[in-house]
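Only one structure is covered here, and it is reproduced in the block below.
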Amino acid sequence: MNLDGKKFLVVGSGISGIAAVKLLMNRHLPVVLYDGKEEKKPEEIREKSPWLEQAEIYTGHLPEHVISECDIAVLSPGVPLDIPDVERMKEAGLAIWGEIELASVFERGRVLAVTGTNGKTTTTSLLGEIMKHAGLDVKVVGNIGIPYTSLVSETTEDSVTVAEISSFQLETVHRFCPEISAILNITPDHLNRHHTMENYQKAKERITANQGEHQVCVLNYEDDALREFSARVKARTVFFSSQRKLEQGIYLEGEEIIWNWQGEREVLCNVHKLKLLGKHNYENVMAAAAMARMAGVSAEKIREVLVTFAAVEHRIEYVVTKRGVRFYNDSKGTNPDAAIQAIRAMQWPTLLIGGGYDKDSEYEEWIQAFDGKVKKFVLLGATREKIRDTAVRLGYPREDIILTDSLEEAVRICFDHAAKGDAVLLSPACASWGMFQNYEQRGNMFKELARALEE
């Protein structure tokens, strides 16, 4: 795509926005950086990167003449499409892109892209390791914490980009077309941003929008919405299933993960050889393996990585054992469905820490999944009363629910009530905002607090 003569307006001054500005300036394309927060000052933003020293930067109010001078707005993932500033840009005729769309214009290699409500980071990380083990030049980017725009200039005809892509990022793709895509699952999340489940699902489905018969889409057969969606996918569809044998695809049969494709049947791995806990992780493994297999990686190379790959940080991550009590960090469990998978993976009586920022989620299914495992339910954050009331209404004992004001207090209470052989699990089912900068900070604090406990 020819971008000569185009002027860009990058919206958002976080790592995504800064990476986009750097990419555009490297390409000698004119760019303006804008952040709508009144409290931010251009000079403070310039201190974030040498690339911003000479940049044109606006904060707070964005003048009309700046919008009228630009052709393409590149929104950071955290910028909603329906805020007044973005509406002004649309009315002025600017094309609305995200950093995924921008990066894809400069991509020179193959792209494998993963989305879904839960499991994206684990699947993306595992797929990246498999592709590296196959001897390929691999860039792992996207919602995993590394802006796509920061590495796309390093791609070549022989490189492979493995991208984790969120619904926020998919709202602003137009031409982005991965060679192989995957949608792991779709359950309610981010409804405060997308407003309806239909909108959220449509955003996820956009990962396949530009794929055709020469591309591949990997889908979860056990997700009703995705099974129905498969009839509308133009790409070649490969299913994975944790509950049934498939005539073609990848599935769990007893304890073994089986690849069955065009008459070729291979045992990829016994699940007891995996270092990942829980059926949801078996699904993540199957999705990554299917993508790698369709990308041409041998079963042997895939198998070698599957048996060595450990859980990603903040996703049912083992932390420490103190006084016979295991501590697990699932801070990345930022919605009820992710938290359900975590509690199902626990094999011990569990003291569960939950609560946080309210994304308009409902918590009934999460609490119903406790299945007698949760000894104490310790809650914090803006949602603590809402979750407590839901739990009591569903019959969870009120006397076993403890409301706290801090993560430090929650960890101490869990340790005080735990017995040898128990587990303490941080799996909030909520976002971290309001108490923490992000789920990483929350998870790191939990790990520090757990490791500091005295035996």
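All residue names refer to the structure tokens as shown: chains lettered A, B, ... in order, residues numbered from 1 in each chain, ligands numbered from 1 in order.
All residues within segment 351-430 of chain A that the backbone DSSP calculation assigns to alpha helix (DSSP H) are A:Glu364, A:Glu365, A:Trp366, A:Ile367, A:Gln368, A:Arg384, A:Glu385, A:Lys386, A:Ile387, A:Arg388, A:Asp389, A:Thr390, A:Ala391, A:Val392, A:Arg393, A:Leu407, A:Glu408, A:Glu409, A:Ala410, A:Val411, A:Arg412, A:Ile413, A:Cys414, A:Phe415, A:Asp416, A:His417.
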Store the residues of this selection in a file with C-alpha atoms, as a PDB file, in the first residue's frame.
ATOM      1  CA  GLU A 364     -22.790 -16.762  38.629  1.00  0.00           C
ATOM      2  CA  GLU A 365     -21.011 -19.339  36.453  1.00  0.00           C
ATOM      3  CA  TRP A 366     -17.697 -18.667  38.171  1.00  0.00           C
ATOM      4  CA  ILE A 367     -19.122 -19.277  41.627  1.00  0.00           C
ATOM      5  CA  GLN A 368     -21.035 -22.338  40.454  1.00  0.00           C
ATOM      6  CA  ARG A 384     -16.232  -7.155  46.089  1.00  0.00           C
ATOM      7  CA  GLU A 385     -19.788  -6.497  47.318  1.00  0.00           C
ATOM      8  CA  LYS A 386     -21.327  -7.456  43.964  1.00  0.00           C
ATOM      9  CA  ILE A 387     -19.442 -10.759  43.940  1.00  0.00           C
ATOM     10  CA  ARG A 388     -20.210 -11.410  47.626  1.00  0.00           C
ATOM     11  CA  ASP A 389     -23.940 -10.856  47.109  1.00  0.00           C
ATOM     12  CA  THR A 390     -23.932 -13.156  44.074  1.00  0.00           C
ATOM     13  CA  ALA A 391     -22.110 -15.869  46.000  1.00  0.00           C
ATOM     14  CA  VAL A 392     -24.470 -15.694  48.979  1.00  0.00           C
ATOM     15  CA  ARG A 393     -27.507 -15.781  46.679  1.00  0.00           C
ATOM     16  CA  LEU A 407      -3.966  -7.426  48.213  1.00  0.00           C
ATOM     17  CA  GLU A 408      -1.509  -7.545  51.101  1.00  0.00           C
ATOM     18  CA  GLU A 409      -4.378  -8.054  53.554  1.00  0.00           C
ATOM     19  CA  ALA A 410      -5.934 -10.708  51.285  1.00  0.00           C
ATOM     20  CA  VAL A 411      -2.711 -12.746  51.074  1.00  0.00           C
ATOM     21  CA  ARG A 412      -2.186 -12.604  54.841  1.00  0.00           C
ATOM     22  CA  ILE A 413      -5.767 -13.684  55.563  1.00  0.00           C
ATOM     23  CA  CYS A 414      -5.484 -16.621  53.165  1.00  0.00           C
ATOM     24  CA  PHE A 415      -2.231 -17.772  54.742  1.00  0.00           C
ATOM     25  CA  ASP A 416      -3.703 -17.476  58.242  1.00  0.00           C
ATOM     26  CA  HIS A 417      -6.671 -19.673  57.271  1.00  0.00           C
TER      27      HIS A 417
END
Using only C-alpha atoms, which residues sit within 7 Å of segment 67-77 of chain A once same-chain residues fewer than 4 positions away are excluded, as a list in words?
Lys6, Lys7, Phe8, Leu9, Val10, Val11, Gly12, Ser16, Gly17, Pro63, Met89, Ala92, Leu94, Ala95, Ile96, Trp97, Gly98, Glu99, Phe168 and Gln169 of chain A
Can you pull out every residue from segment 311-365 of chain A that DSSP, working from the backbone, puts in strand (DSSP E), and format the result as a ChimeraX atom specification?
/A:317-322,325-329,350-354
Could you list, as a PyMOL selection string, every residue within 7 Å of segment 336-338 of chain A, counting only C-alpha atoms and ignoring same-chain residues fewer than 4 positions away?
chain A and resi 118+187+342+363+366+429
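Going from atom CA of Ala450 of chain A over to atom CA of Thr383 of chain A, you cover 23.1 Å.
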For a test of reading the model, state the distance in Å between atom CA of Ala288 of chain A and atom CA of Gly14 of chain A, rounded to one decimal.
29.4 Å
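If you look at atom CA of Pro349 of chain A and atom CA of Asp422 of chain A, they are 5.0 Å away from each other.
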For Met435 of chain A: contacts at 12 Å, only C-alpha atoms, fewer than 6 positions along chain excluded, given as a PyMOL selection string:
chain A and resi 355-358+380-383+405-407+441-442+445
Could you save those same residues with all heavy atoms as a compact mmCIF listing (two decimals), in the first residue's frame?
# COMPACT_ATOMS: atom_id res chain seq x y z
N GLY A 355 -11.92 -10.37 42.69
CA GLY A 355 -12.43 -9.01 42.72
C GLY A 355 -11.49 -8.00 42.09
O GLY A 355 -10.30 -8.25 41.93
N GLY A 356 -12.03 -6.85 41.71
CA GLY A 356 -11.24 -5.80 41.09
C GLY A 356 -12.13 -4.79 40.39
O GLY A 356 -13.21 -4.47 40.88
N TYR A 357 -11.73 -4.36 39.21
CA TYR A 357 -12.46 -3.37 38.43
C TYR A 357 -13.70 -4.02 37.81
O TYR A 357 -13.66 -5.17 37.37
CB TYR A 357 -11.54 -2.82 37.35
CG TYR A 357 -12.17 -1.81 36.42
CD1 TYR A 357 -12.25 -0.47 36.77
CD2 TYR A 357 -12.65 -2.19 35.17
CE1 TYR A 357 -12.81 0.46 35.91
CE2 TYR A 357 -13.21 -1.27 34.30
CZ TYR A 357 -13.29 0.06 34.69
OH TYR A 357 -13.83 0.96 33.82
N ASP A 358 -14.78 -3.28 37.74
CA ASP A 358 -16.04 -3.82 37.22
C ASP A 358 -16.15 -3.59 35.71
O ASP A 358 -16.21 -2.45 35.25
CB ASP A 358 -17.22 -3.15 37.93
CG ASP A 358 -18.54 -3.89 37.67
OD1 ASP A 358 -18.55 -4.81 36.85
OD2 ASP A 358 -19.54 -3.52 38.31
N LEU A 380 -11.68 -8.28 47.09
CA LEU A 380 -11.21 -6.90 47.18
C LEU A 380 -11.63 -6.16 45.93
O LEU A 380 -12.13 -6.74 44.97
CB LEU A 380 -9.69 -6.84 47.36
CG LEU A 380 -8.77 -7.25 46.20
CD1 LEU A 380 -7.37 -6.74 46.45
CD2 LEU A 380 -8.71 -8.77 46.05
N GLY A 381 -11.45 -4.82 45.94
CA GLY A 381 -11.73 -4.03 44.76
C GLY A 381 -13.19 -3.58 44.65
O GLY A 381 -14.03 -3.88 45.50
N ALA A 382 -13.48 -2.91 43.53
CA ALA A 382 -14.79 -2.30 43.32
C ALA A 382 -15.92 -3.33 43.23
O ALA A 382 -17.08 -3.01 43.51
CB ALA A 382 -14.76 -1.45 42.05
N THR A 383 -15.59 -4.55 42.86
CA THR A 383 -16.63 -5.57 42.66
C THR A 383 -16.86 -6.45 43.89
O THR A 383 -17.64 -7.39 43.82
CB THR A 383 -16.25 -6.48 41.49
OG1 THR A 383 -14.97 -7.08 41.76
CG2 THR A 383 -16.20 -5.72 40.19
N ASP A 405 -9.33 -4.77 52.00
CA ASP A 405 -9.06 -3.47 51.38
C ASP A 405 -7.79 -3.46 50.54
O ASP A 405 -7.52 -2.46 49.86
CB ASP A 405 -8.95 -2.39 52.47
CG ASP A 405 -10.26 -2.18 53.20
OD1 ASP A 405 -11.31 -2.20 52.54
OD2 ASP A 405 -10.23 -2.02 54.44
N SER A 406 -6.99 -4.51 50.61
CA SER A 406 -5.73 -4.53 49.88
C SER A 406 -5.34 -5.96 49.56
O SER A 406 -5.79 -6.91 50.21
CB SER A 406 -4.62 -3.86 50.69
OG SER A 406 -4.28 -4.67 51.81
N LEU A 407 -4.47 -6.10 48.57
CA LEU A 407 -3.97 -7.43 48.21
C LEU A 407 -3.09 -7.97 49.34
O LEU A 407 -3.11 -9.18 49.63
CB LEU A 407 -3.18 -7.35 46.90
CG LEU A 407 -2.67 -8.67 46.34
CD1 LEU A 407 -3.81 -9.67 46.12
CD2 LEU A 407 -1.93 -8.44 45.02
N GLN A 441 1.31 -5.89 37.25
CA GLN A 441 1.68 -5.32 38.54
C GLN A 441 0.97 -6.04 39.68
O GLN A 441 1.57 -6.33 40.71
CB GLN A 441 1.33 -3.82 38.58
CG GLN A 441 1.82 -3.14 39.85
CD GLN A 441 1.26 -1.75 40.03
OE1 GLN A 441 0.06 -1.53 39.80
NE2 GLN A 441 2.09 -0.80 40.44
N ARG A 442 -0.31 -6.36 39.48
CA ARG A 442 -1.07 -7.10 40.49
C ARG A 442 -0.45 -8.47 40.74
O ARG A 442 -0.26 -8.88 41.88
CB ARG A 442 -2.52 -7.24 40.02
CG ARG A 442 -3.41 -8.05 40.96
CD ARG A 442 -4.87 -8.00 40.52
NE ARG A 442 -5.08 -8.55 39.19
CZ ARG A 442 -6.24 -8.48 38.53
NH1 ARG A 442 -7.28 -7.87 39.08
NH2 ARG A 442 -6.36 -9.01 37.32
N MET A 445 2.97 -8.21 42.53
CA MET A 445 2.81 -7.90 43.95
C MET A 445 2.37 -9.15 44.72
O MET A 445 2.87 -9.42 45.82
CB MET A 445 1.79 -6.79 44.15
CG MET A 445 1.61 -6.40 45.62
SD MET A 445 0.41 -5.06 45.86
CE MET A 445 1.34 -3.69 45.15
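Among the candidates A:Ile18, A:Ala423, A:Ala113, A:Ile146, the one nearest to Gln211 of chain A when counting only C-alpha atoms is A:Ala113.
Minimum atom-to-atom distances from A:His272, A:His174, A:Arg315, A:Lys279 to Asn329 of chain A were compared using only C-alpha atoms, and the lowest value belongs to A:Arg315.
Remark: for Ile207 of chain A, the closest of the candidate residues A:Tyr58, A:Phe240, A:Phe176, A:Phe370 is A:Phe176 (distances computed over only C-alpha atoms).
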Selection near Gln347 of chain A, 10 Å with only C-alpha atoms, sequence-local residues under 3 positions removed, as an mmCIF file with all heavy atoms, in the first residue's frame:
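Written file, out27.cif:
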data_model
loop_
_atom_site.group_PDB
_atom_site.id
_atom_site.type_symbol
_atom_site.label_atom_id
_atom_site.label_comp_id
_atom_site.auth_asym_id
_atom_site.auth_seq_id
_atom_site.Cartn_x
_atom_site.Cartn_y
_atom_site.Cartn_z
ATOM 1 N N LEU A 277 -1.461 -26.984 33.471
ATOM 2 C CA LEU A 277 -2.566 -27.578 34.212
ATOM 3 C C LEU A 277 -3.898 -27.259 33.548
ATOM 4 O O LEU A 277 -4.110 -26.155 33.052
ATOM 5 C CB LEU A 277 -2.606 -27.031 35.640
ATOM 6 C CG LEU A 277 -1.455 -27.359 36.585
ATOM 7 C CD1 LEU A 277 -1.639 -26.610 37.899
ATOM 8 C CD2 LEU A 277 -1.374 -28.856 36.835
ATOM 9 N N GLY A 278 -4.826 -28.220 33.549
ATOM 10 C CA GLY A 278 -6.207 -27.948 33.205
ATOM 11 C C GLY A 278 -6.587 -28.200 31.754
ATOM 12 O O GLY A 278 -5.779 -28.061 30.839
ATOM 13 N N ILE A 343 -9.913 -22.202 38.593
ATOM 14 C CA ILE A 343 -10.389 -22.965 39.751
ATOM 15 C C ILE A 343 -10.577 -24.433 39.375
ATOM 16 O O ILE A 343 -10.341 -25.326 40.195
ATOM 17 C CB ILE A 343 -11.686 -22.346 40.339
ATOM 18 C CG1 ILE A 343 -11.949 -22.916 41.741
ATOM 19 C CG2 ILE A 343 -12.873 -22.549 39.438
ATOM 20 C CD1 ILE A 343 -10.888 -22.608 42.761
ATOM 21 N N ARG A 344 -10.942 -24.699 38.157
ATOM 22 C CA ARG A 344 -11.055 -26.101 37.712
ATOM 23 C C ARG A 344 -9.694 -26.792 37.686
ATOM 24 O O ARG A 344 -9.602 -28.008 37.883
ATOM 25 C CB ARG A 344 -11.688 -26.157 36.317
ATOM 26 C CG ARG A 344 -13.193 -25.912 36.315
ATOM 27 C CD ARG A 344 -13.747 -25.923 34.906
ATOM 28 N NE ARG A 344 -15.199 -25.781 34.901
ATOM 29 C CZ ARG A 344 -15.923 -25.521 33.820
ATOM 30 N NH1 ARG A 344 -15.319 -25.365 32.644
ATOM 31 N NH2 ARG A 344 -17.232 -25.396 33.901
ATOM 32 N N THR A 350 -8.897 -24.856 48.170
ATOM 33 C CA THR A 350 -8.347 -23.585 47.683
ATOM 34 C C THR A 350 -8.920 -22.389 48.433
ATOM 35 O O THR A 350 -10.125 -22.311 48.682
ATOM 36 C CB THR A 350 -8.634 -23.431 46.180
ATOM 37 O OG1 THR A 350 -8.022 -24.530 45.481
ATOM 38 C CG2 THR A 350 -8.079 -22.123 45.636
ATOM 39 N N LYS A 373 -14.545 -26.715 46.181
ATOM 40 C CA LYS A 373 -13.092 -26.568 46.361
ATOM 41 C C LYS A 373 -12.719 -25.360 47.207
ATOM 42 O O LYS A 373 -11.657 -25.340 47.830
ATOM 43 C CB LYS A 373 -12.402 -26.393 44.997
ATOM 44 C CG LYS A 373 -12.314 -27.622 44.133
ATOM 45 C CD LYS A 373 -11.568 -27.270 42.850
ATOM 46 C CE LYS A 373 -11.545 -28.429 41.884
ATOM 47 N NZ LYS A 373 -10.866 -28.060 40.624
ATOM 48 N N GLY A 421 -1.334 -28.579 52.598
ATOM 49 C CA GLY A 421 -2.029 -29.284 51.521
ATOM 50 C C GLY A 421 -3.037 -28.418 50.791
ATOM 51 O O GLY A 421 -3.600 -28.836 49.778
ATOM 52 N N ASP A 422 -3.276 -27.191 51.289
ATOM 53 C CA ASP A 422 -4.177 -26.257 50.606
ATOM 54 C C ASP A 422 -3.435 -25.476 49.523
ATOM 55 O O ASP A 422 -2.197 -25.503 49.450
ATOM 56 C CB ASP A 422 -4.769 -25.253 51.602
ATOM 57 C CG ASP A 422 -5.771 -25.888 52.565
ATOM 58 O OD1 ASP A 422 -6.148 -27.057 52.330
ATOM 59 O OD2 ASP A 422 -6.149 -25.222 53.545
ATOM 60 N N ALA A 423 -4.207 -24.746 48.715
ATOM 61 C CA ALA A 423 -3.642 -23.825 47.728
ATOM 62 C C ALA A 423 -4.270 -22.449 47.913
ATOM 63 O O ALA A 423 -5.449 -22.333 48.255
ATOM 64 C CB ALA A 423 -3.899 -24.330 46.311
#
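Using only C-alpha atoms, the shortest contact distance between Lys41 of chain A and any of A:Gln248, A:Thr161, A:Thr59, A:Ser241 is found at A:Thr59.
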Considering only C-alpha atoms, tabulate each residue of segment 281-369 of chain A that lies at most 9 Å from segment 436-439 of chain A along with its nearest interatomic pair and the corresponding distance in Å to one decimal; arrange the rows by chain and ascending residue number and present them as a Markdown table.
| residue | atom | partner | partner_atom | distance |
| --- | --- | --- | --- | --- |
| A:His314 | CA | A:Tyr439 | CA | 7.9 |
| A:Ser331 | CA | A:Tyr439 | CA | 5.6 |
| A:Lys332 | CA | A:Tyr439 | CA | 5.9 |
| A:Gly333 | CA | A:Tyr439 | CA | 8.6 |
| A:Thr334 | CA | A:Tyr439 | CA | 7.8 |
Which residues are near segment 294-303 of chain A? Cut-off 8 Å, only C-alpha atoms, ignore same chain within fewer than 3 positions. Put them as a VMD selection string.
chain A and resid 130 to 131 133 to 134 180 216 266 268 to 269 289 to 291 306 to 307
Please, could you write that set of residues out with C-alpha atoms as a PDB file, in the first residue's frame?
ATOM      1  CA  ILE A 130       7.347 -24.065  18.472  1.00  0.00           C
ATOM      2  CA  MET A 131       8.148 -21.911  15.449  1.00  0.00           C
ATOM      3  CA  HIS A 133      12.302 -24.545  17.685  1.00  0.00           C
ATOM      4  CA  ALA A 134      11.618 -25.278  14.014  1.00  0.00           C
ATOM      5  CA  ILE A 180      -3.175 -18.781   9.774  1.00  0.00           C
ATOM      6  CA  VAL A 216      -6.322 -21.308   7.459  1.00  0.00           C
ATOM      7  CA  GLU A 266      -0.327 -38.830  14.859  1.00  0.00           C
ATOM      8  CA  LEU A 268       1.391 -35.497  19.505  1.00  0.00           C
ATOM      9  CA  CYS A 269       1.597 -35.810  23.284  1.00  0.00           C
ATOM     10  CA  ALA A 289      -0.101 -27.378  17.608  1.00  0.00           C
ATOM     11  CA  ALA A 290      -2.719 -27.184  14.863  1.00  0.00           C
ATOM     12  CA  MET A 291      -1.445 -23.790  13.728  1.00  0.00           C
ATOM     13  CA  LEU A 306       5.020 -29.312  24.231  1.00  0.00           C
ATOM     14  CA  VAL A 307       6.728 -31.372  26.935  1.00  0.00           C
TER      15      VAL A 307
END
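The environment of Thr156 of chain A within 12 Å, counting only C-alpha atoms and disregarding residues fewer than 5 places along the same chain, consists of Phe106, Glu107, Arg108, Gly109, Arg110, Val111, Leu136, Asp137, Val138, Lys139, Leu151 and Thr161 of chain A.
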